[in-house]
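**Student:** Sharing run32.csv (CSV, C-alpha atoms (C1' of nucleotides)) below.
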chain,number,residue,atom,x,y,z
A,18,MET,CA,-23.5,58.1,94.6
A,19,PRO,CA,-20.5,60.3,93.9
A,20,LYS,CA,-18.0,60.3,96.6
A,21,ASP,CA,-15.4,63.0,96.5
A,22,ALA,CA,-12.5,62.8,98.9
A,23,LYS,CA,-10.9,66.1,98.4
A,24,ASN,CA,-8.5,66.8,101.2
A,25,SER,CA,-9.3,70.4,101.6
A,26,LYS,CA,-10.0,72.5,104.6
A,27,LYS,CA,-13.5,73.2,103.3
A,28,PRO,CA,-15.9,72.2,106.1
A,29,LEU,CA,-18.1,69.2,105.7
A,30,PRO,CA,-21.8,69.3,104.9
A,31,CYS,CA,-22.4,69.1,108.6
A,32,GLY,CA,-20.2,72.1,109.3
A,33,ARG,CA,-17.2,70.2,110.7
A,34,ILE,CA,-13.7,70.4,109.7
A,35,ARG,CA,-12.7,67.3,107.8
A,36,PRO,CA,-10.8,65.0,110.2
A,37,SER,CA,-7.1,64.6,109.6
A,38,HIS,CA,-7.2,60.8,110.1
A,39,THR,CA,-4.1,58.8,110.0
A,40,PRO,CA,-1.4,61.4,109.6
A,41,HIS,CA,-1.4,62.0,113.3
A,42,VAL,CA,1.9,63.6,113.0
A,43,GLY,CA,3.5,65.7,110.3
A,44,GLY,CA,2.3,66.5,106.8
A,45,LYS,CA,2.2,64.4,103.7
A,46,ASP,CA,5.9,64.3,103.3
A,47,GLU,CA,6.5,63.3,106.8
A,48,GLN,CA,3.9,60.7,106.4
A,49,LEU,CA,5.4,59.3,103.3
A,50,ARG,CA,8.8,59.1,104.8
A,51,LEU,CA,7.4,57.2,107.8
A,52,LEU,CA,5.6,54.7,105.6
A,53,GLN,CA,8.6,54.2,103.4
A,54,GLU,CA,10.7,53.5,106.4
A,55,ARG,CA,8.4,50.9,107.7
A,56,LEU,CA,8.1,49.3,104.3
A,57,ASP,CA,11.9,49.3,103.8
A,58,GLY,CA,12.3,47.6,107.1
A,59,TYR,CA,10.1,44.8,106.0
A,60,THR,CA,11.5,44.4,102.5
A,61,LYS,CA,15.1,44.5,103.7
A,62,GLY,CA,14.4,41.7,106.1
A,63,LYS,CA,12.8,39.6,103.4
A,64,GLY,CA,15.3,40.2,100.8
A,65,LEU,CA,12.8,41.8,98.5
A,66,ASN,CA,13.5,44.3,95.8
A,67,SER,CA,12.3,47.9,95.6
A,68,SER,CA,10.3,49.2,92.7
A,69,ALA,CA,9.2,52.4,91.2
A,70,SER,CA,5.5,51.4,91.0
A,71,ARG,CA,5.5,50.4,94.6
A,72,ASN,CA,6.8,53.7,95.6
A,73,HIS,CA,4.3,55.5,93.5
A,74,ILE,CA,1.4,53.7,95.1
A,75,LEU,CA,2.8,54.5,98.5
A,76,GLU,CA,3.0,58.1,97.5
A,77,ILE,CA,-0.6,58.2,96.7
A,78,ILE,CA,-1.5,56.5,99.9
A,79,ALA,CA,0.4,59.0,101.9
A,80,GLU,CA,-1.3,61.9,100.1
A,81,GLN,CA,-4.7,60.5,100.5
A,82,GLY,CA,-4.0,59.8,104.2
A,83,ALA,CA,-7.5,58.5,105.0
A,84,HIS,CA,-9.6,55.4,104.8
A,85,PHE,CA,-9.8,54.2,101.2
A,86,SER,CA,-11.1,51.4,99.1
A,87,PRO,CA,-9.0,49.5,96.6
A,88,THR,CA,-11.1,51.0,93.8
A,89,GLN,CA,-10.5,54.6,95.0
A,90,LEU,CA,-6.8,53.9,95.2
A,91,ILE,CA,-6.6,52.3,91.8
A,92,GLN,CA,-8.3,55.3,90.3
A,93,LYS,CA,-6.0,57.8,91.8
A,94,VAL,CA,-3.0,55.7,90.9
A,95,SER,CA,-3.9,55.2,87.3
A,96,LEU,CA,-4.6,58.9,87.0
A,97,ARG,CA,-1.2,59.9,87.9
A,98,PHE,CA,0.7,56.8,86.8
A,99,PRO,CA,-1.3,55.4,83.9
A,100,ASN,CA,0.8,52.4,83.3
A,101,VAL,CA,0.4,51.1,86.9
A,102,GLY,CA,-2.6,48.8,86.7
A,103,PRO,CA,-5.0,47.2,89.2
A,104,ALA,CA,-3.0,44.0,89.5
A,105,THR,CA,0.0,45.8,90.7
A,106,VAL,CA,-2.0,47.8,93.2
A,107,TYR,CA,-3.6,44.7,94.6
A,108,ARG,CA,-0.4,42.9,94.9
A,109,ASN,CA,1.1,45.8,96.8
A,110,LEU,CA,-1.9,46.3,99.0
A,111,THR,CA,-1.3,42.7,100.2
A,112,LEU,CA,2.4,43.4,100.7
A,113,PHE,CA,1.7,46.6,102.6
A,114,ILE,CA,-0.5,44.8,105.0
A,115,GLU,CA,2.1,42.1,105.6
A,116,ALA,CA,4.6,44.9,106.1
A,117,GLY,CA,2.5,46.5,108.7
A,118,VAL,CA,2.1,49.6,106.7
A,119,LEU,CA,-1.6,49.3,106.1
A,120,ARG,CA,-4.4,47.5,107.8
A,121,GLN,CA,-7.9,46.4,106.7
A,122,THR,CA,-10.2,48.4,108.7
A,123,LEU,CA,-13.9,48.6,108.2
A,124,THR,CA,-16.8,48.0,105.9
A,125,ALA,CA,-18.1,51.2,104.4
A,126,SER,CA,-21.9,51.6,104.3
A,127,SER,CA,-21.6,50.7,100.6
A,128,GLY,CA,-20.2,47.3,101.7
A,129,GLU,CA,-16.7,47.9,100.4
A,130,THR,CA,-13.7,46.9,102.5
A,131,LEU,CA,-11.6,49.9,103.4
A,132,TYR,CA,-7.9,50.1,104.2
A,133,GLU,CA,-6.1,52.6,106.4
A,134,VAL,CA,-2.6,53.4,107.4
A,135,GLU,CA,-1.5,51.4,110.4
A,136,THR,CA,-1.1,53.5,113.6
A,137,GLU,CA,0.4,52.8,116.9
A,138,GLU,CA,-2.7,53.3,119.0
A,139,HIS,CA,-5.8,51.3,118.5
A,140,HIS,CA,-8.9,53.1,117.5
A,141,ASP,CA,-12.4,52.4,116.3
A,142,HIS,CA,-14.6,54.3,113.9
A,143,ILE,CA,-17.7,56.5,113.6
A,144,VAL,CA,-19.1,56.8,110.1
A,145,CYS,CA,-21.3,59.8,109.6
A,146,LEU,CA,-24.4,58.9,107.7
A,147,ASP,CA,-24.9,62.5,106.6
A,148,CYS,CA,-21.5,63.4,105.2
A,149,ASN,CA,-20.1,59.9,104.8
A,150,GLU,CA,-16.9,61.0,106.5
A,151,ILE,CA,-15.1,58.6,108.8
A,152,PHE,CA,-14.1,59.7,112.3
A,153,GLU,CA,-12.1,57.9,114.9
A,154,PHE,CA,-12.7,57.2,118.6
A,155,HIS,CA,-11.1,55.3,121.4
A,156,ASP,CA,-12.8,54.5,124.7
A,157,GLU,CA,-11.1,52.7,127.4
A,158,SER,CA,-14.3,51.6,129.1
A,159,ILE,CA,-15.6,50.0,126.0
A,160,GLU,CA,-12.3,48.1,125.6
A,161,LYS,CA,-12.5,46.9,129.1
A,162,SER,CA,-16.2,45.8,128.9
A,163,GLN,CA,-15.3,44.0,125.7
A,164,ASP,CA,-12.7,42.0,127.4
A,165,ARG,CA,-14.9,41.3,130.3
A,166,VAL,CA,-17.8,40.1,128.0
A,167,ALA,CA,-15.5,37.9,126.0
A,168,SER,CA,-13.8,36.2,128.9
A,169,SER,CA,-17.2,35.7,130.6
A,170,MET,CA,-18.0,33.7,127.5
A,171,LYS,CA,-14.7,31.9,127.8
A,172,PHE,CA,-13.2,33.6,124.8
A,173,LYS,CA,-9.8,35.2,124.5
A,174,PRO,CA,-10.3,38.3,122.4
A,175,GLU,CA,-7.7,38.9,119.7
A,176,ASN,CA,-9.2,41.7,117.8
A,177,HIS,CA,-12.3,43.6,117.2
A,178,TRP,CA,-14.1,45.8,114.7
A,179,HIS,CA,-16.4,48.4,116.1
A,180,VAL,CA,-18.1,50.9,113.9
A,181,ILE,CA,-20.8,53.3,114.9
A,182,TYR,CA,-23.0,54.7,112.2
A,183,ALA,CA,-24.3,58.1,113.3
A,184,ARG,CA,-25.7,61.4,112.1
A,185,CYS,CA,-24.3,64.9,112.7
A,186,GLU,CA,-26.5,66.7,115.1
A,187,GLN,CA,-25.5,69.9,113.5
A,188,LEU,CA,-26.8,68.9,110.2
A,189,LYS,CA,-30.1,67.8,111.7
A,190,ARG,CA,-30.6,71.2,113.2
A,191,LYS,CA,-30.6,72.9,109.7
B,17,MET,CA,-35.7,28.6,125.4
B,18,PRO,CA,-37.2,25.7,123.7
B,19,LYS,CA,-34.9,23.2,122.0
B,20,ASP,CA,-35.1,21.9,118.5
B,21,ALA,CA,-34.1,18.3,118.1
B,22,LYS,CA,-32.5,19.2,114.7
B,23,ASN,CA,-30.3,21.9,116.3
B,24,SER,CA,-28.2,19.0,117.5
B,25,LYS,CA,-25.8,18.8,120.3
B,26,LYS,CA,-22.8,17.8,118.3
B,27,PRO,CA,-20.1,19.8,119.9
B,28,LEU,CA,-17.9,22.3,118.0
B,29,PRO,CA,-14.2,21.8,117.6
B,30,CYS,CA,-13.7,23.8,120.7
B,31,GLY,CA,-16.0,21.6,122.7
B,32,ARG,CA,-18.9,23.9,122.9
B,33,ILE,CA,-22.5,23.4,121.9
B,34,ARG,CA,-23.3,25.0,118.6
B,35,PRO,CA,-25.2,28.3,119.3
B,36,SER,CA,-28.8,28.3,118.4
B,37,HIS,CA,-28.7,31.8,116.8
B,38,THR,CA,-31.7,33.5,115.5
B,39,PRO,CA,-34.5,31.0,116.2
B,40,HIS,CA,-34.7,32.3,119.7
B,41,VAL,CA,-38.2,30.9,119.9
B,42,GLY,CA,-39.7,27.8,118.5
B,43,GLY,CA,-38.4,25.4,115.8
B,44,LYS,CA,-38.0,25.7,112.1
B,45,ASP,CA,-41.7,25.7,111.4
B,46,GLU,CA,-42.4,28.3,114.0
B,47,GLN,CA,-39.6,30.3,112.6
B,48,LEU,CA,-40.9,30.1,109.1
B,49,ARG,CA,-44.4,31.1,110.1
B,50,LEU,CA,-43.0,34.1,111.9
B,51,LEU,CA,-40.9,35.2,108.9
B,52,GLN,CA,-43.8,34.7,106.5
B,53,GLU,CA,-46.0,36.8,108.7
B,54,ARG,CA,-43.5,39.7,108.7
B,55,LEU,CA,-43.0,39.5,105.0
B,56,ASP,CA,-46.7,39.4,104.3
B,57,GLY,CA,-47.3,42.4,106.4
B,58,TYR,CA,-44.8,44.3,104.2
B,59,THR,CA,-45.9,43.0,100.8
B,60,LYS,CA,-49.6,43.6,101.7
B,61,GLY,CA,-48.8,47.2,102.6
B,62,LYS,CA,-47.0,47.8,99.4
B,63,GLY,CA,-49.4,46.0,97.1
B,64,LEU,CA,-46.8,43.4,96.1
B,65,ASN,CA,-47.6,39.9,94.8
B,66,SER,CA,-46.6,36.7,96.4
B,67,SER,CA,-44.6,34.1,94.6
B,68,ALA,CA,-43.6,30.5,95.0
B,69,SER,CA,-39.9,31.1,94.5
B,70,ARG,CA,-39.9,33.8,97.2
B,71,ASN,CA,-41.5,31.4,99.6
B,72,HIS,CA,-39.0,28.7,98.8
B,73,ILE,CA,-36.1,31.0,99.6
B,74,LEU,CA,-37.7,32.0,102.8
B,75,GLU,CA,-38.1,28.4,103.7
B,76,ILE,CA,-34.4,27.7,103.3
B,77,ILE,CA,-33.6,30.8,105.3
B,78,ALA,CA,-35.8,29.6,108.1
B,79,GLU,CA,-34.2,26.1,108.1
B,80,GLN,CA,-30.7,27.4,108.1
B,81,GLY,CA,-31.5,29.8,110.9
B,82,ALA,CA,-28.0,31.3,111.3
B,83,HIS,CA,-25.7,33.8,109.8
B,84,PHE,CA,-25.3,33.1,106.1
B,85,SER,CA,-23.7,34.6,103.0
B,86,PRO,CA,-25.5,35.1,99.7
B,87,THR,CA,-23.4,32.4,98.2
B,88,GLN,CA,-24.3,29.9,100.8
B,89,LEU,CA,-27.9,30.6,100.4
B,90,ILE,CA,-27.8,30.4,96.6
B,91,GLN,CA,-26.2,27.0,96.9
B,92,LYS,CA,-28.8,25.6,99.2
B,93,VAL,CA,-31.6,27.1,97.2
B,94,SER,CA,-30.4,25.8,93.9
B,95,LEU,CA,-29.9,22.4,95.4
B,96,ARG,CA,-33.5,22.0,96.4
B,97,PHE,CA,-35.1,24.3,93.8
B,98,PRO,CA,-32.8,24.0,90.8
B,99,ASN,CA,-34.8,26.5,88.7
B,100,VAL,CA,-34.4,29.3,91.2
B,101,GLY,CA,-31.3,31.2,90.2
B,102,PRO,CA,-29.0,33.7,91.8
B,103,ALA,CA,-30.8,36.7,90.4
B,104,THR,CA,-34.0,35.8,92.1
B,105,VAL,CA,-32.2,35.1,95.4
B,106,TYR,CA,-30.5,38.5,95.3
B,107,ARG,CA,-33.6,40.3,94.4
B,108,ASN,CA,-35.4,38.7,97.3
B,109,LEU,CA,-32.6,39.3,99.7
B,110,THR,CA,-33.0,43.0,99.0
B,111,LEU,CA,-36.7,42.7,99.5
B,112,PHE,CA,-36.4,40.8,102.8
B,113,ILE,CA,-34.2,43.5,104.2
B,114,GLU,CA,-36.7,46.2,103.2
B,115,ALA,CA,-39.4,44.1,104.8
B,116,GLY,CA,-37.5,43.9,108.0
B,117,VAL,CA,-37.1,40.1,107.7
B,118,LEU,CA,-33.4,40.1,107.4
B,119,ARG,CA,-30.6,42.4,108.2
B,120,GLN,CA,-27.1,42.7,107.0
B,121,THR,CA,-25.0,41.9,109.9
B,122,LEU,CA,-21.3,41.4,109.8
B,123,THR,CA,-18.3,40.8,107.7
B,124,ALA,CA,-17.0,37.3,108.1
B,125,SER,CA,-13.2,36.8,108.4
B,126,SER,CA,-13.3,35.9,104.8
B,127,GLY,CA,-14.6,39.3,103.9
B,128,GLU,CA,-18.0,38.2,102.8
B,129,THR,CA,-21.0,40.1,104.0
B,130,LEU,CA,-23.4,38.0,106.0
B,131,TYR,CA,-27.1,38.2,106.6
B,132,GLU,CA,-29.2,37.1,109.6
B,133,VAL,CA,-32.8,37.0,110.5
B,134,GLU,CA,-33.9,40.2,112.1
B,135,THR,CA,-34.6,39.9,115.8
B,136,GLU,CA,-36.4,42.0,118.4
B,137,GLU,CA,-33.4,42.5,120.7
B,138,HIS,CA,-30.2,44.0,119.4
B,139,HIS,CA,-27.1,41.9,119.7
B,140,ASP,CA,-23.5,42.0,118.6
B,141,HIS,CA,-21.2,39.2,117.6
B,142,ILE,CA,-18.2,37.2,118.6
B,143,VAL,CA,-16.5,35.3,115.9
B,144,CYS,CA,-14.5,32.4,117.0
B,145,LEU,CA,-11.2,32.3,115.2
B,146,ASP,CA,-10.7,28.6,116.1
B,147,CYS,CA,-14.0,27.1,115.1
B,148,ASN,CA,-15.3,29.9,112.9
B,149,GLU,CA,-18.6,29.8,114.6
B,150,ILE,CA,-20.5,33.0,115.3
B,151,PHE,CA,-21.8,33.7,118.8
B,152,GLU,CA,-23.9,36.6,120.1
B,153,PHE,CA,-23.6,38.9,123.0
B,154,HIS,CA,-25.2,42.0,124.4
B,155,ASP,CA,-23.8,44.3,126.9
B,156,GLU,CA,-25.6,47.2,128.3
B,157,SER,CA,-22.6,49.0,129.5
B,158,ILE,CA,-21.0,48.9,126.1
B,159,GLU,CA,-24.2,50.2,124.5
B,160,LYS,CA,-24.2,53.1,127.1
B,161,SER,CA,-20.6,53.9,126.5
B,162,GLN,CA,-21.1,54.0,122.9
B,163,ASP,CA,-23.9,56.5,123.1
B,164,ARG,CA,-21.8,58.6,125.5
B,165,VAL,CA,-18.8,58.6,123.1
B,166,ALA,CA,-21.0,59.4,120.1
B,167,SER,CA,-22.8,62.3,121.7
B,168,SER,CA,-19.6,63.7,123.2
B,169,MET,CA,-18.5,63.9,119.6
B,170,LYS,CA,-21.8,65.5,118.7
B,171,PHE,CA,-23.1,62.5,116.8
B,172,LYS,CA,-26.4,60.9,117.1
B,173,PRO,CA,-25.8,57.1,116.8
B,174,GLU,CA,-28.2,55.2,114.7
B,175,ASN,CA,-26.7,51.9,114.4
B,176,HIS,CA,-23.5,50.0,115.1
B,177,TRP,CA,-21.5,47.0,114.1
B,178,HIS,CA,-19.4,45.4,116.8
B,179,VAL,CA,-17.6,42.2,116.2
B,180,ILE,CA,-15.1,40.6,118.5
B,181,TYR,CA,-12.7,38.1,116.9
B,182,ALA,CA,-11.6,35.7,119.6
B,183,ARG,CA,-10.3,32.3,120.4
B,184,CYS,CA,-11.8,29.5,122.5
B,185,GLU,CA,-9.8,29.1,125.6
B,186,GLN,CA,-10.8,25.5,125.8
B,187,LEU,CA,-9.3,24.8,122.4
B,188,LYS,CA,-6.0,26.5,123.4
B,189,ARG,CA,-5.8,24.1,126.4
B,190,LYS,CA,-5.6,21.1,124.1
C,21,DA,C1',22.7,36.0,86.7
C,22,DT,C1',18.7,35.2,89.3
C,23,DG,C1',14.7,36.1,91.6
C,24,DA,C1',11.5,39.9,92.2
C,25,DA,C1',8.1,42.9,90.3
C,26,DT,C1',5.6,44.5,86.6
C,27,DG,C1',2.1,45.0,82.8
C,28,DC,C1',-1.1,43.1,80.2
C,29,DA,C1',-4.8,40.1,79.4
C,30,DA,C1',-7.5,36.5,80.6
C,31,DA,C1',-9.9,34.0,84.0
C,32,DG,C1',-12.8,33.7,88.3
C,33,DG,C1',-16.4,35.1,91.3
C,34,DT,C1',-20.1,37.8,92.7
C,35,DT,C1',-23.8,40.8,91.9
C,36,DT,C1',-26.8,43.5,88.7
C,37,DT,C1',-29.5,44.2,84.6
C,38,DG,C1',-32.3,43.5,80.3
C,39,DC,C1',-35.9,41.3,78.5
C,40,DA,C1',-39.4,38.0,77.2
C,41,DC,C1',-42.6,35.3,79.6
C,42,DC,C1',-45.6,33.9,83.4
C,43,DC,C1',-48.4,34.6,87.3
C,44,DC,C1',-50.9,36.8,91.0
C,45,DC,C1',-54.4,40.1,92.0
D,19,DG,C1',-55.5,43.4,81.9
D,20,DG,C1',-51.7,45.2,84.2
D,21,DG,C1',-48.1,45.3,87.0
D,22,DG,C1',-45.1,42.4,89.7
D,23,DG,C1',-41.9,38.4,89.7
D,24,DT,C1',-39.2,35.0,87.4
D,25,DG,C1',-35.7,32.7,84.7
D,26,DC,C1',-32.2,33.0,81.7
D,27,DA,C1',-28.3,35.1,79.8
D,28,DA,C1',-25.4,38.8,79.3
D,29,DA,C1',-23.2,42.5,81.4
D,30,DA,C1',-20.7,44.9,85.0
D,31,DC,C1',-17.6,44.7,88.6
D,32,DC,C1',-13.9,43.5,91.5
D,33,DT,C1',-10.1,40.6,92.3
D,34,DT,C1',-6.8,37.1,91.2
D,35,DT,C1',-3.7,34.6,88.1
D,36,DG,C1',-0.6,33.3,84.1
D,37,DC,C1',3.0,34.6,81.6
D,38,DA,C1',6.4,36.9,79.1
D,39,DT,C1',9.3,40.8,80.1
D,40,DT,C1',11.8,44.2,82.7
D,41,DC,C1',14.2,45.4,86.7
D,42,DA,C1',17.0,45.4,91.1
D,43,DT,C1',20.6,43.5,93.4
Kindly transcribe the structure held in the file into structure tokens.

**Tutor:**
Amino acid sequence: MPKDAKNSKKPLPCGRIRPSHTPHVGGKDEQLRLLQERLDGYTKGKGLNSSASRNHILEIIAEQGAHFSPTQLIQKVSLRFPNVGPATVYRNLTLFIEAGVLRQTLTASSGETLYEVETEEHHDHIVCLDCNEIFEFHDESIEKSQDRVASSMKFKPENHWHVIYARCEQLKRK
Amino acid sequence: MPKDAKNSKKPLPCGRIRPSHTPHVGGKDEQLRLLQERLDGYTKGKGLNSSASRNHILEIIAEQGAHFSPTQLIQKVSLRFPNVGPATVYRNLTLFIEAGVLRQTLTASSGETLYEVETEEHHDHIVCLDCNEIFEFHDESIEKSQDRVASSMKFKPENHWHVIYARCEQLKRK
DNA sequence: ATGAATGCAAAGGTTTTGCACCCCC
DNA sequence: GGGGGTGCAAAACCTTTGCATTCAT
């Protein structure tokens, strides 16, 4: 099942505009600068070095600006920077998470774990079963109910993972 | 809610009783019979054969009666039935899902995909970060909000995956 | 100079596949 | 008899690790 993540304005199969995802502000360059800043803050504090490969990987992430699997990232990276191998990508993914640049986010319908750029505001996901695209939502009443349910079971919620798999109504109408 | 003597009362690290999970009715034997019935319904309809190995795997699943990873299942199976290998287990897991006997359910904190026995009523999950045990919940208002959110975004929800990661308050009090 | 980071290759783990053989209908 | 199912081994993947080398500070 081929999955092409071209970031064009071409509407999705269901007639929607592709969601802009994580770059909630600014364009790719803005996004990259922001990520770099966060990363630098972390590495500075830990006394870590910088490296060309690391910046290259971050560059690809900023461009792609969406939910992605390690494999997708590795492919894009090795296309543009053929000498940067999977090991380096994986090592840096780990680092990016520690640095608060990325977070692990959801399991695609394929079963792969996906990553996304860390954002200020919490959000959950809707995965479209027709076009395979990932949308975001946030609903305060769900959040509240969640807390209520957890504490009624004497749990203290720390985190959650809420994905709705759905179909475009527009597509169905075709 | 009948109690199975085997589903013992040894409390979890956090002081709770271990949840009974999927065998919502009856004991292991009852559970096995139910699964077998569902499976037979499917295989009959498709003109598939039966097999000893398949039944052995189902037997282990019925005994285990909780959320499990392929790896865990493979280990238990090969312990009791040393000639049943991973390939057979995987092939049957796929079949069991098609047959509506199992469903893929959530990603453990380790990242593994887990399976569970398909039940009538939908439920979601709370994973305890202290004792690693998996509990279930169902909340009508969350379900409703979910539908509302999805349709406000012009989606038709088909399915969802909602996991709360939480801590036992009792444990924290220690 | 001294850790950090990389690149490469090899190892680890999990899941799938090919194929000859066996078994159920 | 014929197709489904199995067992074994190999292949295919994805991810991690070891190690010598390069790089940043």

**Student:** Could you tell me, as a list of chain:residue names, which residues have any atom at most 9 Å from (-38.1, 30.4, 81.0), counting only C-alpha atoms (C1' of nucleotides)?

**Tutor:** C:DA40, C:DC41, C:DC42, D:DT24, D:DG25, D:DC26

**Student:** Do a neighbour search on range 134-143 of chain B at 6 Å with all atoms listed in the file, toss out local chain neighbours closer than 5 positions, and write the hits as an MDAnalysis selection string.

**Tutor:** chainID B and resid 117:119 150:154 178:181

**Student:** Those same residues - C-alpha atoms - I'd like them written as a short mmCIF file (atom, residue, chain, number, x, y, z; two decimals), keeping the file's coordinate frame.

**Tutor:**
data_model
loop_
_atom_site.label_atom_id
_atom_site.label_comp_id
_atom_site.auth_asym_id
_atom_site.auth_seq_id
_atom_site.Cartn_x
_atom_site.Cartn_y
_atom_site.Cartn_z
CA VAL B 117 -37.10 40.10 107.70
CA LEU B 118 -33.40 40.10 107.40
CA ARG B 119 -30.60 42.40 108.20
CA ILE B 150 -20.50 33.00 115.30
CA PHE B 151 -21.80 33.70 118.80
CA GLU B 152 -23.90 36.60 120.10
CA PHE B 153 -23.60 38.90 123.00
CA HIS B 154 -25.20 42.00 124.40
CA HIS B 178 -19.40 45.40 116.80
CA VAL B 179 -17.60 42.20 116.20
CA ILE B 180 -15.10 40.60 118.50
CA TYR B 181 -12.70 38.10 116.90
#

**Student:** Rounded to one decimal place, report the CA of Gly117 in chain A-CA of Gly44 in chain A distance in Å.

**Tutor:**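 CA of Gly117 in chain A sits 20.1 Å away from CA of Gly44 in chain A.
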
**Student:** Taking 3 positions as the minimum chain separation for residues in the same chain, which residues sit within 9 Å of range 29-31 of chain D when counting all atoms listed in the file? Answer as a PyMOL selection string.

**Tutor:** chain C and resi 34-37

**Student:** Any chance you could tabulate, as a Markdown table, the residues of chain A at most 7 Å from chain B with each one's nearest atom pair and distance in Å to one decimal, using all atoms listed in the file, in chain and rising number order?

**Tutor:**
| residue | atom | partner | partner_atom | distance |
| --- | --- | --- | --- | --- |
| A:Ile159 | CA | B:Ile158 | CA | 5.5 |
| A:Ser162 | CA | B:Ile158 | CA | 6.4 |
| A:Lys171 | CA | B:Glu185 | CA | 6.1 |
| A:Phe172 | CA | B:Cys184 | CA | 4.9 |
| A:Lys173 | CA | B:Arg183 | CA | 5.0 |
| A:Pro174 | CA | B:Ala182 | CA | 4.0 |
| A:Glu175 | CA | B:Ala182 | CA | 5.0 |
| A:Asn176 | CA | B:Tyr181 | CA | 5.1 |
| A:His177 | CA | B:Ile180 | CA | 4.3 |
| A:Trp178 | CA | B:Val179 | CA | 5.2 |
| A:His179 | CA | B:His178 | CA | 4.3 |
| A:Val180 | CA | B:Trp177 | CA | 5.2 |
| A:Ile181 | CA | B:His176 | CA | 4.3 |
| A:Tyr182 | CA | B:Asn175 | CA | 5.1 |
| A:Ala183 | CA | B:Pro173 | CA | 3.9 |
| A:Arg184 | CA | B:Lys172 | CA | 5.1 |
| A:Cys185 | CA | B:Phe171 | CA | 4.9 |
| A:Glu186 | CA | B:Phe171 | CA | 5.7 |

**Student:** Counting only C-alpha atoms (C1' of nucleotides), which residues of chain A come no farther than 12 Å from chain D, as a ChimeraX atom specification?

**Tutor:** /A:61,64-70,86-88,91,103-108,111,129-130

**Student:** Tell me, counting all atoms listed in the file, for each residue of chain C within 10 Å of chain A, which pair of atoms is nearest and how far apart they are in Å to one decimal, in rows ordered by chain and increasing number, as CSV.

**Tutor:**
residue,atom,partner,partner_atom,distance
C:DG23,C1',A:Leu65,CA,9.1
C:DA24,C1',A:Asn66,CA,6.0
C:DA25,C1',A:Ser68,CA,7.1
C:DT26,C1',A:Thr105,CA,7.1
C:DG27,C1',A:Gly102,CA,7.2
C:DC28,C1',A:Gly102,CA,8.8

**Student:** Produce a file of the selected residues containing C-alpha atoms (C1' of nucleotides), as a compact mmCIF listing (two decimals), keeping the file's coordinate frame.

**Tutor:**
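Saved as again13.txt:
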# COMPACT_ATOMS: atom_id res chain seq x y z
C1' DG C 23 14.70 36.10 91.60
C1' DA C 24 11.50 39.90 92.20
C1' DA C 25 8.10 42.90 90.30
C1' DT C 26 5.60 44.50 86.60
C1' DG C 27 2.10 45.00 82.80
C1' DC C 28 -1.10 43.10 80.20

**Student:** Between CA of Cys148 in chain A and CA of Ile78 in chain A, measure the distance and give it in Å to one decimal.

**Tutor:** 21.8 Å

**Student:** So how far away is CA of His83 in chain B from CA of Tyr131 in chain B, in Å?

**Tutor:**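 Between these atoms lies a distance of 5.6 Å.
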